[in-house]
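S.K.: Quick one: this structure, given as structure tokens, is what I'll be asking you about.
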There are 2 protein chains.
Amino acid sequence: MSEEPIFHMTPDEFRRYGRAVVDWIADYYERVESFPVLSRVQPGAIRASLPAEPPLHGEAFPAILRDVGELIIPGITHWQSPNFFAFFPANTSGPAILGELLSAGLGIQGMLWATSPACTELETHVLDWVVDMLELPRKFRSDSTGGGVIQDSASSASLCALLAARERATRYTSNDKGCDGRLVAYASSQTHSSIEKAMKIAGLGRNNLRLVEIDEAFAMRPEDLARQIKRDRSLGLVPCYVCATVGTTSSNALDPLPEIGKICGEEGIWLHVDGAMCGTAAICPEYRYIHAGLELADSYCFNPHKWMFTNFDCDCFYVADRAALIQTLSVLPEYLRNKATETGAVIDYRDWQIPLGRRFRSLKLWFVIRHYGVEGLRWHIRQHVELAQQFARWVRESDRFELAAPAPLNLVCFRHVGGDTINERLLDRLNRSGKVYLTHTKLNDRYTLRLCIGQTHTEARHVQRAWQLIQEMATEVEQEV
Amino acid sequence: MSEEPIFHMTPDEFRRYGRAVVDWIADYYERVESFPVLSRVQPGAIRASLPAEPPLHGEAFPAILRDVGELIIPGITHWQSPNFFAFFPANTSGPAILGELLSAGLGIQGMLWATSPACTELETHVLDWVVDMLELPRKFRSDSTGGGVIQDSASSASLCALLAARERATRYTSNDKGCDGRLVAYASSQTHSSIEKAMKIAGLGRNNLRLVEIDEAFAMRPEDLARQIKRDRSLGLVPCYVCATVGTTSSNALDPLPEIGKICGEEGIWLHVDGAMCGTAAICPEYRYIHAGLELADSYCFNPHKWMFTNFDCDCFYVADRAALIQTLSVLPEYLRNKATETGAVIDYRDWQIPLGRRFRSLKLWFVIRHYGVEGLRWHIRQHVELAQQFARWVRESDRFELAAPAPLNLVCFRHVGGDTINERLLDRLNRSGKVYLTHTKLNDRYTLRLCIGQTHTEARHVQRAWQLIQEMATEVEQEV
């Protein structure tokens, strides 16, 4: 064997540089408010600062870490700034970051139970905890007919649900023969774009996604769903999947699950419920009404990586009938055969997801739940909702602004009464200031600003300052137009 | 606002506990050889050690970390043990772990260029570096018609390639109308199971995956591929996708890309090449022959998270025609519209993958390349190949063992000459010893042991001891049978 040097980081170096990175992150959080929330770099600027060629010889770690601060930070949009009010949040926390670190350190693959039993069992266990914490239907627990699994995103969870729905509707033959173009699915115009993407991926075709009408609160109209299903059946089509949303991306609209669920039950259609951000609210008993009717769903997902202090990726995906999901996604080549799988006594999570490999993601969720405790999580969720409700009151009381949609939880959709141009310019000015970051949507075809409160460290002062800034900049924009 | 306490970890606590986790990981690597490589827990044992209910109140971090050692470690199969020779490796390294830590700390979403330009641009840049490092075809670089993206796994990359192939073959209409059952794809019996799974997911149906015959080295026979394509065309079917493999999972067989690529070019069929583990070898000029013919491929993937010291998930996926991929996967709802996207001057990686959200995964790959340098990576890859070749020589020279397949790189397929039962018992005994972990496959319908060398810290002494153990245990098993 060669007698040349080994290039790995030594354990001592790892301890030293590991501390440096931990301190770097702590420093980052201490100064995150000093950065413009939305990155100001021009396209290509970050690349232009990097060497064209990879280094032939290794570089010292401190130089690499220094480059993160100097070359990378200018190109970061600070999702962990307390002044981040855009999209839905992707919040995180100390215990989550350390859980991710530990997962990376252990470096195990959780594709099969046997490839690290603790990865599978902790995941099953913590996802059962979450059923209890959110008081979700018991059928989603692993000791029932269902069970939970961590997916990378609600997009992937909704796709897996669609695939299982497709197979159930075709008696598990589409997997063998391919789709036949007769399957149709239903969502509203407010449903997340990932459903349209899933229709494409699953070979069903986006033209076969029916957009159900919405009411004045942007929630799905069950009577239109029933009407469209009836019409499709009369055309010889096969309705297989409905996606209802608990807290739509645009405006946090809550689709009426009891009525939708009743229709799906009568029609034998798979009901998937997407609670990506808002699901977390159900940790507080007073917000559990958002899930009324969830017992009628076949599957459900929500993202602790949005609003439960657990860094991306961590989507909790539940099914009522795990056999349907497994039968849809299972493939067993010889090189993955093993005794534990053959006994049938264990879960192999590769059969619950699109990819084969998987990280030890439950570790960070376990850390978060244990660090905060259920009461600690509740306290922060209530705080965020309270801040959003305060902001909504300010909007309501203002002469110049109006609410654009009901604001049941932590997202406020609002607009200046002066029309689209003022609102577009206002948003642009706010974001260019670097002091806040908000995004927009269109509701009733009108340009609408969204302020979503869910970043871990957002406090009253940040929301107060955002409202102050919105008012000041509105005055400036009014004078321009 | 409430005046109650805040439950977040303070910056000081984060520094303190962060150091504790860094030290925990360093300690783990120092004692990893003391654990049985394959976990010995029984199904349900880990869950039984966990409280049935989530904690109502938060717990101290040191108690949580202590539980990782006491409750979780017994359920870990140690992929980072130098005595791990199973499956393909999922190796990692100090710089990769710290890159993942930094990514978790920054907690950004890279779905759009605008949501953190550095995330997109560093990824594009590093993936261009990798093209140069492996001397891949220049068309896979972003300054050509193609480009690279980090996927979670080769499964997802191969699925994205299949979807783009499906759309190209149907002139981008399957996305709209759904599949029509006439599309067919091709792989060999040795191709990874993810292709069969992708056929199911994409709505093409696994019955429409043709298994092409293999030669005595378990590589695809191009003449049979040509024959099957011809037959399918004569039946009115539409061949759309061929998956060739550079280093199959069972035995590291190398499909003949020049011949397969020529057929695909003539027939207008999308050629995807899966180099999941072996691709990394091309960092060494002397192993670049494995990619001969890759210039004929439409897409390619390999996994730095297997054999390039970068923790899972990090699959590098390249396409020659990025427009085909983007047209296949793009969906643009109002709430994701932004100026940068509309200029067309930037990459939005959400259109290159199944999910919407994405972590800052290029950070760890950048850290690895910079820490080791190209020469450092080469040194370790050569070392692994050399160790595997040494092991293959021992097998060849042995009276009791034989090679079951060519061993071009770091995977050795071998078997005891005494038949399946002896080999099954031998594997079971080896793995139960806790001293090594190997897995099996079947080649020519015969039970075959696989020894794959790619764990970061595997050195000559580990391979020597494995061979010693295999011989000793073979003697014991021979006496039993």
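Residues in the structure tokens are numbered from 1 in each chain, the chains being A, B, ... in the order shown, and ligands are numbered from 1 in the order shown.
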Need the shell around region 10-26 of chain A: protein/DNA/RNA residues with any atom at most 7 Å away, counting only C-alpha atoms. Skip same-chain ones fewer than 2 positions apart. Format as a CSV table (one decimal) with N, CA and C atoms, in the first residue's frame?

M.R.:
```csv
chain,number,residue,atom,x,y,z
A,8,HIS,N,-7.5,13.2,5.0
A,8,HIS,CA,-8.7,13.5,5.8
A,8,HIS,C,-8.4,14.5,6.9
A,28,TYR,N,-23.5,34.5,13.3
A,28,TYR,CA,-24.4,34.8,12.2
A,28,TYR,C,-25.8,35.2,12.7
A,29,TYR,N,-26.3,34.5,13.7
A,29,TYR,CA,-27.6,34.8,14.2
A,29,TYR,C,-27.6,36.1,15.0
A,30,GLU,N,-26.4,36.4,15.6
A,30,GLU,CA,-26.3,37.6,16.3
A,30,GLU,C,-26.3,38.9,15.4
B,11,PRO,N,-27.9,32.0,22.1
B,11,PRO,CA,-26.6,31.9,21.4
B,11,PRO,C,-25.5,31.2,22.2
B,14,PHE,N,-26.2,27.6,22.3
B,14,PHE,CA,-25.9,27.0,21.0
B,14,PHE,C,-24.4,26.8,20.9
B,15,ARG,N,-23.6,27.8,21.3
B,15,ARG,CA,-22.1,27.6,21.3
B,15,ARG,C,-21.7,26.4,22.1
B,18,GLY,N,-23.3,23.1,20.8
B,18,GLY,CA,-22.7,22.9,19.5
B,18,GLY,C,-21.3,22.2,19.7
B,19,ARG,N,-20.5,22.8,20.5
B,19,ARG,CA,-19.2,22.2,20.8
B,19,ARG,C,-19.4,20.7,21.3
B,22,VAL,N,-20.1,18.5,18.4
B,22,VAL,CA,-18.9,18.4,17.6
B,22,VAL,C,-18.0,17.4,18.2
B,23,ASP,N,-17.8,17.5,19.5
B,23,ASP,CA,-16.9,16.6,20.3
B,23,ASP,C,-17.5,15.2,20.3
B,26,ALA,N,-16.7,13.7,17.0
B,26,ALA,CA,-15.2,13.3,16.9
B,26,ALA,C,-15.0,12.0,17.8
B,94,GLY,N,-14.9,15.1,7.4
B,94,GLY,CA,-15.0,16.3,8.2
B,94,GLY,C,-15.6,17.5,7.5
B,98,LEU,N,-19.2,19.5,8.2
B,98,LEU,CA,-19.2,20.9,8.6
B,98,LEU,C,-19.9,21.8,7.5
B,102,LEU,N,-23.2,24.1,8.3
B,102,LEU,CA,-23.3,25.5,7.9
B,102,LEU,C,-24.6,25.7,7.1
B,105,GLY,N,-27.4,25.8,9.4
B,105,GLY,CA,-27.3,27.1,10.2
B,105,GLY,C,-27.9,28.3,9.3
```

S.K.: Which neighbours of region 252-262 of chain B fall inside 7 Å, counting only C-alpha atoms, when residues of the same chain fewer than 5 positions from it are skipped, and could you give them as a PyMOL selection string?

M.R.: chain B and resi 217-220+222+244-247+271+290+292-294+296-297+411

S.K.: Hey, can you check how far CA of Glu213 (chain A) sits from CA of Cys301 (chain A)?

M.R.: 22.9 Å

S.K.: Can you pull out every residue from region 1-204 of chain A that DSSP, working from the backbone, puts in helix (DSSP H, G or I), and format the result as number ranges by chain?

M.R.: A: 11-34, 45-48, 61-75, 94-106, 113-115, 117-133, 138-140, 154-169, 174-177, 193-201

S.K.: Counting only C-alpha atoms, which residue out of A:Arg141, A:Arg322, A:His192, A:Arg415 sits closest to chain B?

M.R.: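 Of A:Arg141, A:Arg322, A:His192, A:Arg415, the one nearest chain B is A:His192, counting only C-alpha atoms.
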